[in-house]
file model-v4.cif (mmCIF, C-alpha atoms)
data_run
#
loop_
_atom_site.label_atom_id
_atom_site.label_comp_id
_atom_site.auth_asym_id
_atom_site.auth_seq_id
_atom_site.Cartn_x
_atom_site.Cartn_y
_atom_site.Cartn_z
CA MET Z 20 -1.34 -19.94 12.02
CA ARG Z 21 -2.25 -16.27 12.23
CA GLU Z 22 -0.16 -13.97 10.06
CA SER Z 23 0.83 -11.85 13.09
CA ILE Z 24 2.40 -14.90 14.78
CA ILE Z 25 4.26 -15.79 11.56
CA MET Z 26 5.53 -12.21 11.31
CA LYS Z 27 6.62 -12.19 14.97
CA ILE Z 28 8.64 -15.33 14.20
CA HIS Z 29 9.96 -13.59 11.05
CA TYR Z 30 11.17 -10.53 12.99
CA GLY Z 31 12.50 -12.67 15.86
CA THR Z 32 14.51 -14.94 13.57
CA ALA Z 33 15.97 -11.87 11.82
CA LEU Z 34 17.17 -10.38 15.11
CA GLY Z 35 18.47 -13.76 16.34
CA ALA Z 36 20.32 -14.37 13.07
CA VAL Z 37 21.97 -10.92 13.18
CA VAL Z 38 23.27 -11.60 16.71
CA LEU Z 39 24.50 -15.14 16.01
CA VAL Z 40 26.06 -14.32 12.64
CA ALA Z 41 27.89 -11.42 14.36
CA VAL Z 42 29.24 -13.91 16.92
CA HIS Z 43 30.21 -16.23 14.06
CA ILE Z 44 32.10 -13.42 12.28
CA LEU Z 45 33.81 -12.38 15.52
CA MET Z 46 34.94 -15.97 16.05
CA ARG Z 47 36.59 -15.88 12.62
CA MET Z 48 38.62 -12.92 13.81
CA THR Z 49 40.32 -14.92 16.58
CA GLN Z 50 42.74 -16.09 13.89
CA ASN Z 51 43.70 -14.68 10.52
CA PHE Z 52 41.37 -15.25 7.59
CA GLY Z 53 43.53 -17.79 5.78
CA GLN Z 54 43.98 -19.88 8.94
CA SER Z 55 40.28 -19.85 9.69
CA LEU Z 56 39.59 -21.48 6.33
CA GLN Z 57 42.09 -24.33 6.81
CA TYR Z 58 40.44 -27.75 6.81
CA GLN Z 59 41.54 -28.67 10.37
CA ASN Z 60 40.28 -25.40 11.79
CA VAL Z 61 36.93 -25.65 10.03
CA ILE Z 62 36.43 -29.20 11.28
CA ALA Z 63 37.49 -28.12 14.78
CA ASN Z 64 34.52 -25.73 14.83
CA TYR Z 65 32.11 -28.63 14.44
CA HIS Z 66 33.87 -30.65 17.13
CA PHE Z 67 33.36 -27.84 19.64
CA LEU Z 68 29.78 -28.54 20.80
CA PRO Z 69 28.66 -24.99 21.78
CA TYR Z 70 29.89 -23.66 18.44
CA ALA Z 71 28.23 -26.49 16.52
CA LEU Z 72 24.98 -25.74 18.36
CA MET Z 73 25.32 -22.09 17.42
CA LEU Z 74 25.79 -23.03 13.75
CA GLU Z 75 22.69 -25.21 13.99
CA ALA Z 76 20.76 -22.26 15.46
CA VAL Z 77 22.00 -19.98 12.64
CA LEU Z 78 20.87 -22.60 10.12
CA ILE Z 79 17.38 -22.81 11.64
CA LEU Z 80 16.98 -19.03 12.05
CA LEU Z 81 18.10 -18.22 8.50
CA SER Z 82 16.04 -21.02 6.95
CA VAL Z 83 12.87 -19.98 8.76
CA HIS Z 84 13.43 -16.29 8.00
CA GLY Z 85 14.52 -16.82 4.41
CA PHE Z 86 11.77 -19.20 3.37
CA ASN Z 87 9.08 -17.11 5.05
CA GLY Z 88 10.45 -14.10 3.17
CA LEU Z 89 10.28 -16.06 -0.06
CA ARG Z 90 6.71 -17.14 0.78
CA VAL Z 91 5.70 -13.50 1.28
CA ILE Z 92 7.29 -12.45 -2.03
CA LEU Z 93 5.54 -15.28 -3.88
CA LEU Z 94 2.19 -14.46 -2.26
CA GLU Z 95 2.51 -10.84 -3.37
CA LEU Z 96 3.49 -11.89 -6.86
CA LYS Z 97 0.41 -13.93 -7.67
CA GLN Z 98 -2.88 -14.75 -5.96
CA GLY Z 99 -5.28 -17.66 -5.99
CA SER Z 100 -6.22 -20.23 -3.36
CA GLY Z 101 -4.50 -23.22 -5.04
CA TYR Z 102 -1.35 -21.22 -5.74
CA GLU Z 103 -1.25 -19.81 -2.21
CA LYS Z 104 -1.66 -23.25 -0.64
CA MET Z 105 1.16 -24.55 -2.83
CA VAL Z 106 3.42 -21.63 -1.84
CA ASN Z 107 2.67 -22.06 1.89
CA TYR Z 108 3.28 -25.81 1.97
CA GLY Z 109 6.13 -25.60 -0.54
CA SER Z 110 8.03 -23.06 1.58
CA LEU Z 111 7.47 -25.14 4.70
CA ALA Z 112 8.74 -28.28 2.96
CA ALA Z 113 11.77 -26.49 1.48
CA MET Z 114 12.57 -25.05 4.91
CA ALA Z 115 12.38 -28.49 6.54
CA ILE Z 116 14.54 -30.09 3.82
CA LEU Z 117 17.21 -27.40 4.12
CA ILE Z 118 17.29 -27.65 7.92
CA ALA Z 119 17.48 -31.46 7.72
CA TYR Z 120 20.30 -31.40 5.15
CA GLY Z 121 22.25 -28.70 7.03
CA SER Z 122 21.80 -30.51 10.36
CA ARG Z 123 23.05 -33.72 8.75
CA THR Z 124 26.19 -31.88 7.61
CA ILE Z 125 26.79 -30.37 11.07
CA LEU Z 126 26.21 -33.73 12.75
CA MET Z 127 28.45 -35.67 10.38
CA ALA Z 128 31.25 -33.13 10.65
CA GLY Z 129 30.88 -33.11 14.43
CA MET Z 130 31.12 -36.87 14.62
CA GLY Z 131 34.06 -36.97 12.26
CA VAL Z 132 32.15 -38.77 9.47
CA SER Z 133 33.20 -37.49 6.07
CA MET Y 30 -2.99 9.34 -31.77
CA ALA Y 31 -5.96 11.63 -32.38
CA VAL Y 32 -5.30 15.38 -32.28
CA VAL Y 33 -8.44 17.40 -31.96
CA THR Y 34 -8.35 21.16 -32.40
CA ALA Y 35 -10.72 23.52 -30.66
CA PRO Y 36 -13.74 24.85 -32.54
CA THR Y 37 -14.32 28.54 -33.21
CA SER Y 38 -15.33 29.39 -29.63
CA SER Y 39 -12.00 28.23 -28.19
CA GLU Y 40 -10.06 29.80 -31.03
CA GLU Y 41 -11.58 33.05 -29.90
CA LEU Y 42 -10.33 32.34 -26.39
CA ILE Y 43 -6.84 31.66 -27.72
CA THR Y 44 -6.99 35.02 -29.50
CA ILE Y 45 -7.74 36.67 -26.17
CA GLU Y 46 -4.60 35.07 -24.77
CA LYS Y 47 -2.48 36.76 -27.41
CA THR Y 48 -3.88 40.18 -26.61
CA SER Y 49 -4.42 40.20 -22.85
CA GLY Y 50 -1.92 37.55 -21.76
CA GLU Y 51 -4.43 36.17 -19.26
CA LEU Y 52 -4.94 32.87 -21.00
CA ASN Y 53 -2.51 30.17 -21.80
CA THR Y 54 -3.04 27.16 -24.01
CA ILE Y 55 -2.03 23.74 -22.84
CA THR Y 56 -2.06 20.35 -24.49
CA LEU Y 57 -4.24 17.95 -22.56
CA ARG Y 58 -3.46 14.30 -23.27
CA ILE Y 59 -6.28 12.04 -22.17
CA ALA Y 60 -5.82 8.28 -21.94
CA ARG Y 61 -8.64 6.58 -23.84
CA SER Y 62 -9.51 2.95 -23.34
CA ASN Y 63 -12.50 0.69 -23.22
CA PRO Y 64 -11.51 -2.72 -21.83
CA ALA Y 65 -15.06 -4.06 -22.24
CA GLU Y 66 -14.71 -3.58 -25.99
CA GLY Y 67 -11.15 -4.85 -25.92
CA HIS Y 68 -9.68 -1.46 -26.87
CA GLU Y 69 -6.10 -0.79 -25.85
CA THR Y 70 -5.09 2.53 -24.33
CA THR Y 71 -4.47 5.38 -26.75
CA TYR Y 72 -3.96 9.06 -26.02
CA SER Y 73 -6.08 11.85 -27.46
CA GLU Y 74 -4.55 15.31 -27.49
CA PHE Y 75 -6.57 18.48 -27.09
CA LYS Y 76 -5.59 22.14 -27.06
CA VAL Y 77 -7.27 23.71 -24.08
CA PRO Y 78 -7.27 27.38 -23.03
CA VAL Y 79 -6.60 27.79 -19.32
CA LYS Y 80 -6.32 30.58 -16.79
CA LYS Y 81 -4.10 30.44 -13.75
CA TRP Y 82 -6.92 29.10 -11.54
CA THR Y 83 -8.18 26.50 -14.05
CA THR Y 84 -8.20 23.04 -12.52
CA VAL Y 85 -7.44 19.85 -14.43
CA LEU Y 86 -11.09 18.83 -14.02
CA GLU Y 87 -12.22 22.09 -15.61
CA ALA Y 88 -9.82 21.45 -18.49
CA ILE Y 89 -11.27 17.95 -18.97
CA LEU Y 90 -14.81 19.32 -18.80
CA TYR Y 91 -13.86 21.94 -21.40
CA VAL Y 92 -12.83 19.07 -23.68
CA LYS Y 93 -16.10 17.25 -22.98
CA GLN Y 94 -18.13 20.38 -23.68
CA ASN Y 95 -16.33 21.62 -26.77
CA LEU Y 96 -14.08 19.03 -28.32
CA ASP Y 97 -15.07 15.45 -27.52
CA HIS Y 98 -18.25 14.59 -25.65
CA ALA Y 99 -17.27 10.93 -25.39
CA VAL Y 100 -14.49 11.38 -22.81
CA ALA Y 101 -15.48 9.31 -19.75
CA VAL Y 102 -14.71 10.97 -16.42
CA ARG Y 103 -16.30 10.66 -12.99
CA TYR Y 104 -16.74 13.85 -10.93
CA SER Y 105 -19.23 15.44 -8.62
CA CYS Y 106 -18.50 18.09 -5.99
CA ARG Y 107 -15.57 19.94 -7.64
CA GLN Y 108 -14.22 20.85 -4.19
CA ALA Y 109 -12.22 17.80 -3.02
CA SER Y 110 -15.04 16.51 -0.82
CA CYS Y 111 -16.60 13.63 -2.74
CA GLY Y 112 -13.45 11.82 -3.89
CA SER Y 113 -14.85 11.03 -7.34
CA CYS Y 114 -12.33 12.59 -9.71
CA GLY Y 115 -9.17 10.73 -8.72
CA MET Y 116 -6.85 10.13 -11.64
CA LYS Y 117 -3.17 10.07 -12.59
CA ILE Y 118 -2.13 13.59 -13.55
CA ASN Y 119 1.32 13.76 -15.10
CA GLY Y 120 2.02 10.40 -13.49
CA LYS Y 121 0.92 11.26 -9.95
CA PRO Y 122 -2.38 10.14 -8.46
CA SER Y 123 -4.30 13.36 -7.71
CA LEU Y 124 -7.80 14.76 -7.54
CA ALA Y 125 -8.52 16.56 -10.83
CA CYS Y 126 -10.70 19.14 -9.07
CA TYR Y 127 -7.97 19.91 -6.54
CA THR Y 128 -5.06 20.20 -8.98
CA LYS Y 129 -4.60 23.49 -10.77
CA VAL Y 130 -3.08 23.38 -14.23
CA SER Y 131 -0.71 26.22 -13.22
CA GLU Y 132 0.81 24.22 -10.36
CA LEU Y 133 1.91 21.46 -12.73
CA HIS Y 134 4.42 23.80 -14.45
CA SER Y 135 3.98 22.10 -17.79
CA ASN Y 136 2.21 22.92 -21.04
CA ILE Y 137 1.55 19.26 -21.65
CA ILE Y 138 -0.71 17.56 -19.12
CA THR Y 139 -1.35 13.86 -19.30
CA VAL Y 140 -4.35 12.43 -17.49
CA GLU Y 141 -4.73 8.69 -17.08
CA PRO Y 142 -6.97 6.42 -15.01
CA MET Y 143 -5.70 5.50 -11.54
CA ASN Y 144 -3.39 2.51 -11.25
CA ASN Y 145 -4.49 -0.61 -9.36
CA PHE Y 146 -8.16 -0.21 -10.29
CA PRO Y 147 -10.03 -1.93 -13.13
CA ILE Y 148 -10.77 0.61 -15.87
CA ILE Y 149 -14.41 1.10 -16.84
CA ARG Y 150 -13.66 3.54 -19.65
CA ASP Y 151 -11.12 6.34 -20.23
CA LEU Y 152 -10.62 8.01 -16.83
CA ALA Y 153 -13.42 6.23 -14.96
CA VAL Y 154 -12.33 3.30 -12.81
CA ASP Y 155 -14.22 0.65 -10.86
CA PHE Y 156 -14.35 1.31 -7.08
CA LYS Y 157 -16.00 -2.02 -6.21
CA GLN Y 158 -12.96 -3.50 -4.44
CA LEU Y 159 -12.14 -0.31 -2.54
CA ILE Y 160 -15.69 0.00 -1.23
CA SER Y 161 -15.84 -3.72 -0.40
CA ASN Y 162 -12.56 -3.53 1.55
CA HIS Y 163 -13.78 -0.38 3.29
CA LYS Y 164 -16.99 -2.17 4.34
CA LYS Y 165 -15.00 -5.20 5.49
CA MET Y 166 -13.31 -2.98 8.09
CA LYS Y 167 -16.70 -2.32 9.74
CA PRO Y 168 -16.42 1.46 9.43
CA PHE Y 169 -18.77 2.31 12.29
CA ILE Y 170 -18.64 2.43 16.07
CA ILE Y 171 -19.32 -1.03 17.48
CA ARG Y 172 -20.72 -1.25 21.01
CA GLU Y 173 -23.64 -2.94 22.68
CA ASP Y 174 -25.18 0.12 24.26
CA SER Y 175 -26.44 2.87 22.00
CA GLU Y 176 -26.37 6.63 22.10
CA VAL Y 177 -29.99 6.87 21.16
CA THR Y 178 -31.73 5.45 24.25
CA PRO Y 179 -33.16 8.15 26.52
CA GLU Y 180 -31.25 6.84 29.58
CA SER Y 181 -27.81 6.84 27.97
CA LYS Y 182 -25.39 9.75 28.12
CA GLU Y 183 -23.12 11.00 25.39
CA PHE Y 184 -19.77 9.27 24.95
CA ILE Y 185 -17.44 11.84 26.36
CA GLN Y 186 -14.04 12.08 24.67
CA THR Y 187 -11.14 14.32 25.62
CA PRO Y 188 -9.37 16.29 22.86
CA LYS Y 189 -6.48 13.84 23.29
CA ASP Y 190 -8.81 10.89 22.61
CA VAL Y 191 -10.13 12.60 19.48
CA GLU Y 192 -6.64 13.45 18.25
CA LYS Y 193 -5.78 9.74 18.05
CA TYR Y 194 -8.16 9.13 15.14
CA LEU Y 195 -9.34 12.51 13.86
CA GLN Y 196 -7.07 12.83 10.81
CA PHE Y 197 -8.07 9.34 9.65
CA SER Y 198 -11.74 10.31 9.71
CA TYR Y 199 -11.03 12.89 6.99
CA CYS Y 200 -10.74 10.09 4.38
CA ILE Y 201 -13.02 10.74 1.37
CA LYS Y 202 -12.47 7.28 -0.21
CA CYS Y 203 -11.01 8.77 -3.38
CA GLY Y 204 -8.70 5.77 -3.77
CA LEU Y 205 -5.55 7.79 -4.51
CA CYS Y 206 -3.66 6.00 -1.72
CA ASN Y 207 -4.54 2.61 -3.20
CA ALA Y 208 -3.51 3.85 -6.66
CA ALA Y 209 -0.10 4.92 -5.33
CA CYS Y 210 0.52 1.75 -3.29
CA PRO Y 211 3.27 -0.48 -4.75
CA THR Y 212 1.93 -3.56 -2.96
CA MET Y 213 -1.51 -3.11 -4.54
CA ALA Y 214 0.19 -3.14 -7.94
CA THR Y 215 1.09 -6.80 -7.55
CA ASP Y 216 -1.14 -8.12 -4.76
CA THR Y 217 -4.72 -7.78 -5.96
CA SER Y 218 -6.05 -9.26 -2.69
CA PHE Y 219 -4.25 -6.72 -0.48
CA ILE Y 220 -6.67 -4.71 1.69
CA GLY Y 221 -4.86 -1.52 0.77
CA PRO Y 222 -3.92 1.64 2.68
CA GLN Y 223 -7.46 3.06 2.59
CA GLY Y 224 -9.03 0.04 4.30
CA LEU Y 225 -6.21 -0.33 6.80
CA ALA Y 226 -6.30 3.37 7.73
CA GLN Y 227 -10.05 3.06 8.28
CA ALA Y 228 -9.51 0.01 10.47
CA TYR Y 229 -7.10 2.06 12.59
CA ARG Y 230 -9.51 5.00 12.69
CA TYR Y 231 -12.07 2.84 14.55
CA VAL Y 232 -9.58 0.77 16.57
CA ALA Y 233 -8.10 4.00 17.98
CA ASP Y 234 -11.53 5.41 18.85
CA ASN Y 235 -12.11 4.80 22.57
CA ARG Y 236 -15.89 4.65 22.06
CA ASP Y 237 -15.49 1.59 19.86
CA LYS Y 238 -15.55 -1.98 21.20
CA GLY Y 239 -14.87 -3.80 17.93
CA LYS Y 240 -11.09 -3.78 18.13
CA GLU Y 241 -10.68 -7.56 18.31
CA ASP Y 242 -12.93 -8.10 15.27
CA ARG Y 243 -11.05 -5.59 13.15
CA LEU Y 244 -7.62 -6.83 14.20
CA LYS Y 245 -8.65 -10.35 13.14
CA ILE Y 246 -9.75 -9.03 9.73
CA VAL Y 247 -6.50 -7.17 9.02
CA ASP Y 248 -4.31 -10.00 10.39
CA ASP Y 249 -4.48 -11.94 7.14
CA ALA Y 250 -2.03 -13.24 4.50
CA HIS Y 251 -3.09 -10.25 2.32
CA GLY Y 252 -3.63 -7.89 5.22
CA ILE Y 253 -1.59 -5.42 7.21
CA TRP Y 254 1.71 -7.33 7.05
CA ARG Y 255 2.00 -6.94 3.29
CA CYS Y 256 2.59 -3.17 3.65
CA HIS Y 257 6.24 -2.32 2.88
CA PHE Y 258 5.98 1.18 4.32
CA ALA Y 259 6.83 2.88 1.02
CA GLY Y 260 4.78 5.85 2.23
CA SER Y 261 3.46 6.82 -1.19
CA CYS Y 262 -0.13 6.55 0.12
CA SER Y 263 0.49 9.36 2.58
CA GLN Y 264 2.26 11.45 -0.03
CA VAL Y 265 -0.70 11.51 -2.43
CA CYS Y 266 -3.58 11.92 0.03
CA PRO Y 267 -5.39 15.18 -0.79
CA LYS Y 268 -6.89 15.40 2.71
CA GLY Y 269 -3.62 15.12 4.65
CA VAL Y 270 -4.40 11.65 6.00
CA ASP Y 271 -1.33 9.55 6.76
CA PRO Y 272 -2.36 5.94 6.02
CA ALA Y 273 1.24 4.71 6.28
CA MET Y 274 1.35 5.90 9.89
CA ALA Y 275 -2.05 4.33 10.61
CA ILE Y 276 -0.75 0.99 9.35
CA GLN Y 277 2.32 1.17 11.58
CA LEU Y 278 0.20 2.14 14.59
CA LEU Y 279 -2.22 -0.70 13.84
CA ARG Y 280 0.71 -3.11 13.72
CA GLY Y 281 1.54 -1.96 17.24
CA TYR Y 282 -1.74 -3.52 18.44
CA LEU Y 283 -0.98 -6.81 16.68
CA LEU Y 284 2.58 -6.96 17.99
CA GLY Y 285 1.42 -6.16 21.52
CA PHE Y 286 3.16 -2.75 21.80
CA THR Y 287 -0.20 -0.98 22.05
CA LYS Y 288 -3.11 -2.17 24.14
#
call {"tool": "encode", "arguments": {"input": "model-v4.cif", "output": "C-alpha cells"}}
result
Amino acid sequence: MRESIIMKIHYGTALGAVVLVAVHILMRMTQNFGQSLQYQNVIANYHFLPYALMLEAVLILLSVHGFNGLRVILLELKQGSGYEKMVNYGSLAAMAILIAYGSRTILMAGMGVS
Amino acid sequence: MAVVTAPTSSEELITIEKTSGELNTITLRIARSNPAEGHETTYSEFKVPVKKWTTVLEAILYVKQNLDHAVAVRYSCRQASCGSCGMKINGKPSLACYTKVSELHSNIITVEPMNNFPIIRDLAVDFKQLISNHKKMKPFIIREDSEVTPESKEFIQTPKDVEKYLQFSYCIKCGLCNAACPTMATDTSFIGPQGLAQAYRYVADNRDKGKEDRLKIVDDAHGIWRCHFAGSCSQVCPKGVDPAMAIQLLRGYLLGFTK
C-alpha cells in the first residue's frame, strides 16, 4: 500500500477517534462519575447496541491509528529491509490481535457472557 | 586537547590589536576526526586574530595558513554561492563563508562537521547521499517537446507561475537543511528537506510534466510523510529557501488538496 494511503487512513482514524471518544466522554456525563463506573451501568453500555457499536469503532480507530504510529516511530528508529518488513507485519499482526481481543470482550459483555 | 599558539606573524597582529583596537583575538575550536583511521573527535584550539568583517571561513583559513596545515575543510566560492563550506558553527549549521565572527558575539567559536553526514575528515563531510537524493528527484524539467526545436516557442510563464517555485530554485545544495533535520538524525534513509524541496520546485513548475513520477518517488516509507514539520531546515537555510513549506505544499498534492 502506498504511504500516502496509509497516512490518509492515519489522519482519518485520528479525526474519527477524537469525535467518537468525545461522544463517549459526553455519555459518561449523563450520570455522575461514580455511578457511571458501577458494574450494572458499565454492562448496560454493552447491552445497548448502538453504544456497543460505537465502542467497537473506537477500538478499531485507535488500534489502527496507534499501531501505525508505532510502526512509523520504529521505522524512523532503525532501517534495514528485514527490520522494516518485520515492523510492518508485526504492527499489522498486533493491530489485528488487539482488535480481535477487544471485539471478543465487547461481544461477550453484550451477550451477557462473563 | 591540543592548544596551538600563533607564530610570530600573528603575534604581531595581536600587538596591533592592543594599540589600534581594530583587531580582536578569538579562540577557534576545530573538531578534528578521521573516521577512516578510527580516530575519535578531539578539539584543537587556536588563537586567531580577527577584524569585524572576518568570516569564520577566513578564520579557519588563517589557521590552515599559519598554525596547522592539516585542518581539513571544503570551500570554494567564499560568497555563499557554491554551498561547499557548510559546517556547525557554535552548534548551528551555517555556511562558514557567510557567517562573520563578529555576529556570533563570542570569543570562543567552535566549528564542527555537519550532523547527519558521514565525516571524511575534520570539517569535510561526504555529500554522496545528498547528491544521490537530489538526483532521485529528477531535478530538471520533464516534457516530451523541447525548447530547442526551431518550430517550438518559449514556455511562457506569468510572474505568478514563477512565484510558485522561484524561492526553491535558489537552493545551493549546501546540505545545511539536512544537517538541521531531526528526522535525518535517526532515519538514514529519509530523503531529507533538500530533496523534498527540490521535488516541489519542479512539481510546482507549470512547464514540467513529471509531477506523477516525482510524487511516486516521494510517497515512500522514508519519504515525505516522515517530516515532522520541526521547521529547523527553513531556519538554517542561508538562501532564504523554506523547505518545510515546500514539504507541506507537496503533501497537498498527495492528499488531493492541490491538483
call {"tool": "resolve_selection", "arguments": {"input": "model-v4.cif", "expression": "the PyMOL selection byres ((chain Z) within 6 of (chain Y))", "output": "list in words"}}
result
Glu22, Glu95 and Leu96 of chain Z
call {"tool": "resolve_selection", "arguments": {"input": "model-v4.cif", "expression": "the PyMOL selection byres ((chain Z and resi 89) around 12)", "output": "number ranges by chain"}}
result
Z: 29, 81-88, 90-96, 106-107, 109-111, 113-114
call {"tool": "write_last_selection", "arguments": {"input": "model-v4.cif", "atoms": "C-alpha atoms", "output": "compact mmCIF listing (two decimals), in the coordinates of the input"}}
result
# COMPACT_ATOMS: atom_id res chain seq x y z
CA HIS Z 29 9.96 -13.59 11.05
CA LEU Z 81 18.10 -18.22 8.50
CA SER Z 82 16.04 -21.02 6.95
CA VAL Z 83 12.87 -19.98 8.76
CA HIS Z 84 13.43 -16.29 8.00
CA GLY Z 85 14.52 -16.82 4.41
CA PHE Z 86 11.77 -19.20 3.37
CA ASN Z 87 9.08 -17.11 5.05
CA GLY Z 88 10.45 -14.10 3.17
CA ARG Z 90 6.71 -17.14 0.78
CA VAL Z 91 5.70 -13.50 1.28
CA ILE Z 92 7.29 -12.45 -2.03
CA LEU Z 93 5.54 -15.28 -3.88
CA LEU Z 94 2.19 -14.46 -2.26
CA GLU Z 95 2.51 -10.84 -3.37
CA LEU Z 96 3.49 -11.89 -6.86
CA VAL Z 106 3.42 -21.63 -1.84
CA ASN Z 107 2.67 -22.06 1.89
CA GLY Z 109 6.13 -25.60 -0.54
CA SER Z 110 8.03 -23.06 1.58
CA LEU Z 111 7.47 -25.14 4.70
CA ALA Z 113 11.77 -26.49 1.48
CA MET Z 114 12.57 -25.05 4.91
call {"tool": "residues_near_point", "arguments": {"input": "model-v4.cif", "point": "(22.2, -29.6, 10.2)", "cutoff": "12 Å", "atoms": "only C-alpha atoms", "output": "MDAnalysis selection string"}}
result
chainID Z and resid 65 71:80 82 114:129
call {"tool": "atom_distance", "arguments": {"input": "model-v4.cif", "atom1": "atom CA of Y:Gly120", "atom2": "atom CA of Y:Gln264"}}
result
13.5 Å
call {"tool": "resolve_selection", "arguments": {"input": "model-v4.cif", "expression": "the PyMOL selection byres ((chain Y and resi 86) around 10)", "output": "PyMOL selection string"}}
result
chain Y and resi 83-85+87-92+102-104+107+114-116+124-130+140
call {"tool": "build_atoms", "arguments": {"input": "model-v4.cif", "residues": "stretch 62-69 of chain Z", "atoms": "all heavy atoms", "output": "PDB file, in the frame of the given file"}}
result
ATOM      1  N   ILE Z  62      36.965 -27.990  10.630  1.00  0.00           N
ATOM      2  CA  ILE Z  62      36.430 -29.200  11.280  1.00  0.00           C
ATOM      3  C   ILE Z  62      36.410 -29.033  12.801  1.00  0.00           C
ATOM      4  O   ILE Z  62      35.471 -29.452  13.475  1.00  0.00           O
ATOM      5  CB  ILE Z  62      37.269 -30.443  10.854  1.00  0.00           C
ATOM      6  CG1 ILE Z  62      36.976 -30.770   9.382  1.00  0.00           C
ATOM      7  CG2 ILE Z  62      36.991 -31.666  11.738  1.00  0.00           C
ATOM      8  CD1 ILE Z  62      35.533 -31.168   9.067  1.00  0.00           C
ATOM      9  N   ALA Z  63      37.419 -28.340  13.316  1.00  0.00           N
ATOM     10  CA  ALA Z  63      37.490 -28.120  14.780  1.00  0.00           C
ATOM     11  C   ALA Z  63      36.269 -27.363  15.275  1.00  0.00           C
ATOM     12  O   ALA Z  63      35.794 -27.608  16.402  1.00  0.00           O
ATOM     13  CB  ALA Z  63      38.769 -27.359  15.120  1.00  0.00           C
ATOM     14  N   ASN Z  64      35.738 -26.471  14.450  1.00  0.00           N
ATOM     15  CA  ASN Z  64      34.520 -25.730  14.830  1.00  0.00           C
ATOM     16  C   ASN Z  64      33.374 -26.680  15.131  1.00  0.00           C
ATOM     17  O   ASN Z  64      32.609 -26.476  16.071  1.00  0.00           O
ATOM     18  CB  ASN Z  64      34.067 -24.806  13.687  1.00  0.00           C
ATOM     19  CG  ASN Z  64      35.002 -23.647  13.476  1.00  0.00           C
ATOM     20  OD1 ASN Z  64      35.633 -23.185  14.423  1.00  0.00           O
ATOM     21  ND2 ASN Z  64      35.091 -23.177  12.246  1.00  0.00           N
ATOM     22  N   TYR Z  65      33.236 -27.697  14.283  1.00  0.00           N
ATOM     23  CA  TYR Z  65      32.110 -28.630  14.440  1.00  0.00           C
ATOM     24  C   TYR Z  65      32.330 -29.586  15.622  1.00  0.00           C
ATOM     25  O   TYR Z  65      31.373 -30.115  16.170  1.00  0.00           O
ATOM     26  CB  TYR Z  65      31.929 -29.443  13.145  1.00  0.00           C
ATOM     27  CG  TYR Z  65      31.453 -28.593  11.999  1.00  0.00           C
ATOM     28  CD1 TYR Z  65      32.343 -28.103  11.036  1.00  0.00           C
ATOM     29  CD2 TYR Z  65      30.111 -28.256  11.868  1.00  0.00           C
ATOM     30  CE1 TYR Z  65      31.913 -27.312   9.989  1.00  0.00           C
ATOM     31  CE2 TYR Z  65      29.665 -27.461  10.817  1.00  0.00           C
ATOM     32  CZ  TYR Z  65      30.567 -26.996   9.886  1.00  0.00           C
ATOM     33  OH  TYR Z  65      30.137 -26.222   8.863  1.00  0.00           O
ATOM     34  N   HIS Z  66      33.592 -29.767  16.011  1.00  0.00           N
ATOM     35  CA  HIS Z  66      33.870 -30.650  17.130  1.00  0.00           C
ATOM     36  C   HIS Z  66      33.621 -29.955  18.469  1.00  0.00           C
ATOM     37  O   HIS Z  66      33.449 -30.598  19.490  1.00  0.00           O
ATOM     38  CB  HIS Z  66      35.331 -31.149  17.076  1.00  0.00           C
ATOM     39  CG  HIS Z  66      35.524 -32.180  15.998  1.00  0.00           C
ATOM     40  ND1 HIS Z  66      35.735 -33.511  16.260  1.00  0.00           N
ATOM     41  CD2 HIS Z  66      35.507 -32.078  14.654  1.00  0.00           C
ATOM     42  CE1 HIS Z  66      35.849 -34.167  15.118  1.00  0.00           C
ATOM     43  NE2 HIS Z  66      35.709 -33.309  14.126  1.00  0.00           N
ATOM     44  N   PHE Z  67      33.595 -28.624  18.422  1.00  0.00           N
ATOM     45  CA  PHE Z  67      33.360 -27.840  19.640  1.00  0.00           C
ATOM     46  C   PHE Z  67      31.830 -27.682  19.767  1.00  0.00           C
ATOM     47  O   PHE Z  67      31.205 -26.934  18.998  1.00  0.00           O
ATOM     48  CB  PHE Z  67      34.064 -26.479  19.496  1.00  0.00           C
ATOM     49  CG  PHE Z  67      33.901 -25.577  20.679  1.00  0.00           C
ATOM     50  CD1 PHE Z  67      34.090 -26.045  21.981  1.00  0.00           C
ATOM     51  CD2 PHE Z  67      33.571 -24.232  20.494  1.00  0.00           C
ATOM     52  CE1 PHE Z  67      33.943 -25.183  23.058  1.00  0.00           C
ATOM     53  CE2 PHE Z  67      33.431 -23.375  21.567  1.00  0.00           C
ATOM     54  CZ  PHE Z  67      33.609 -23.856  22.867  1.00  0.00           C
ATOM     55  N   LEU Z  68      31.249 -28.431  20.722  1.00  0.00           N
ATOM     56  CA  LEU Z  68      29.780 -28.540  20.800  1.00  0.00           C
ATOM     57  C   LEU Z  68      29.040 -27.201  20.855  1.00  0.00           C
ATOM     58  O   LEU Z  68      28.099 -26.991  20.082  1.00  0.00           O
ATOM     59  CB  LEU Z  68      29.387 -29.450  21.971  1.00  0.00           C
ATOM     60  CG  LEU Z  68      27.886 -29.777  22.034  1.00  0.00           C
ATOM     61  CD1 LEU Z  68      27.422 -30.605  20.841  1.00  0.00           C
ATOM     62  CD2 LEU Z  68      27.552 -30.492  23.337  1.00  0.00           C
ATOM     63  N   PRO Z  69      29.418 -26.259  21.733  1.00  0.00           N
ATOM     64  CA  PRO Z  69      28.660 -24.990  21.780  1.00  0.00           C
ATOM     65  C   PRO Z  69      28.664 -24.271  20.427  1.00  0.00           C
ATOM     66  O   PRO Z  69      27.653 -23.705  20.010  1.00  0.00           O
ATOM     67  CB  PRO Z  69      29.397 -24.158  22.840  1.00  0.00           C
ATOM     68  CG  PRO Z  69      30.115 -25.142  23.667  1.00  0.00           C
ATOM     69  CD  PRO Z  69      30.473 -26.289  22.764  1.00  0.00           C
TER      70      PRO Z  69
END
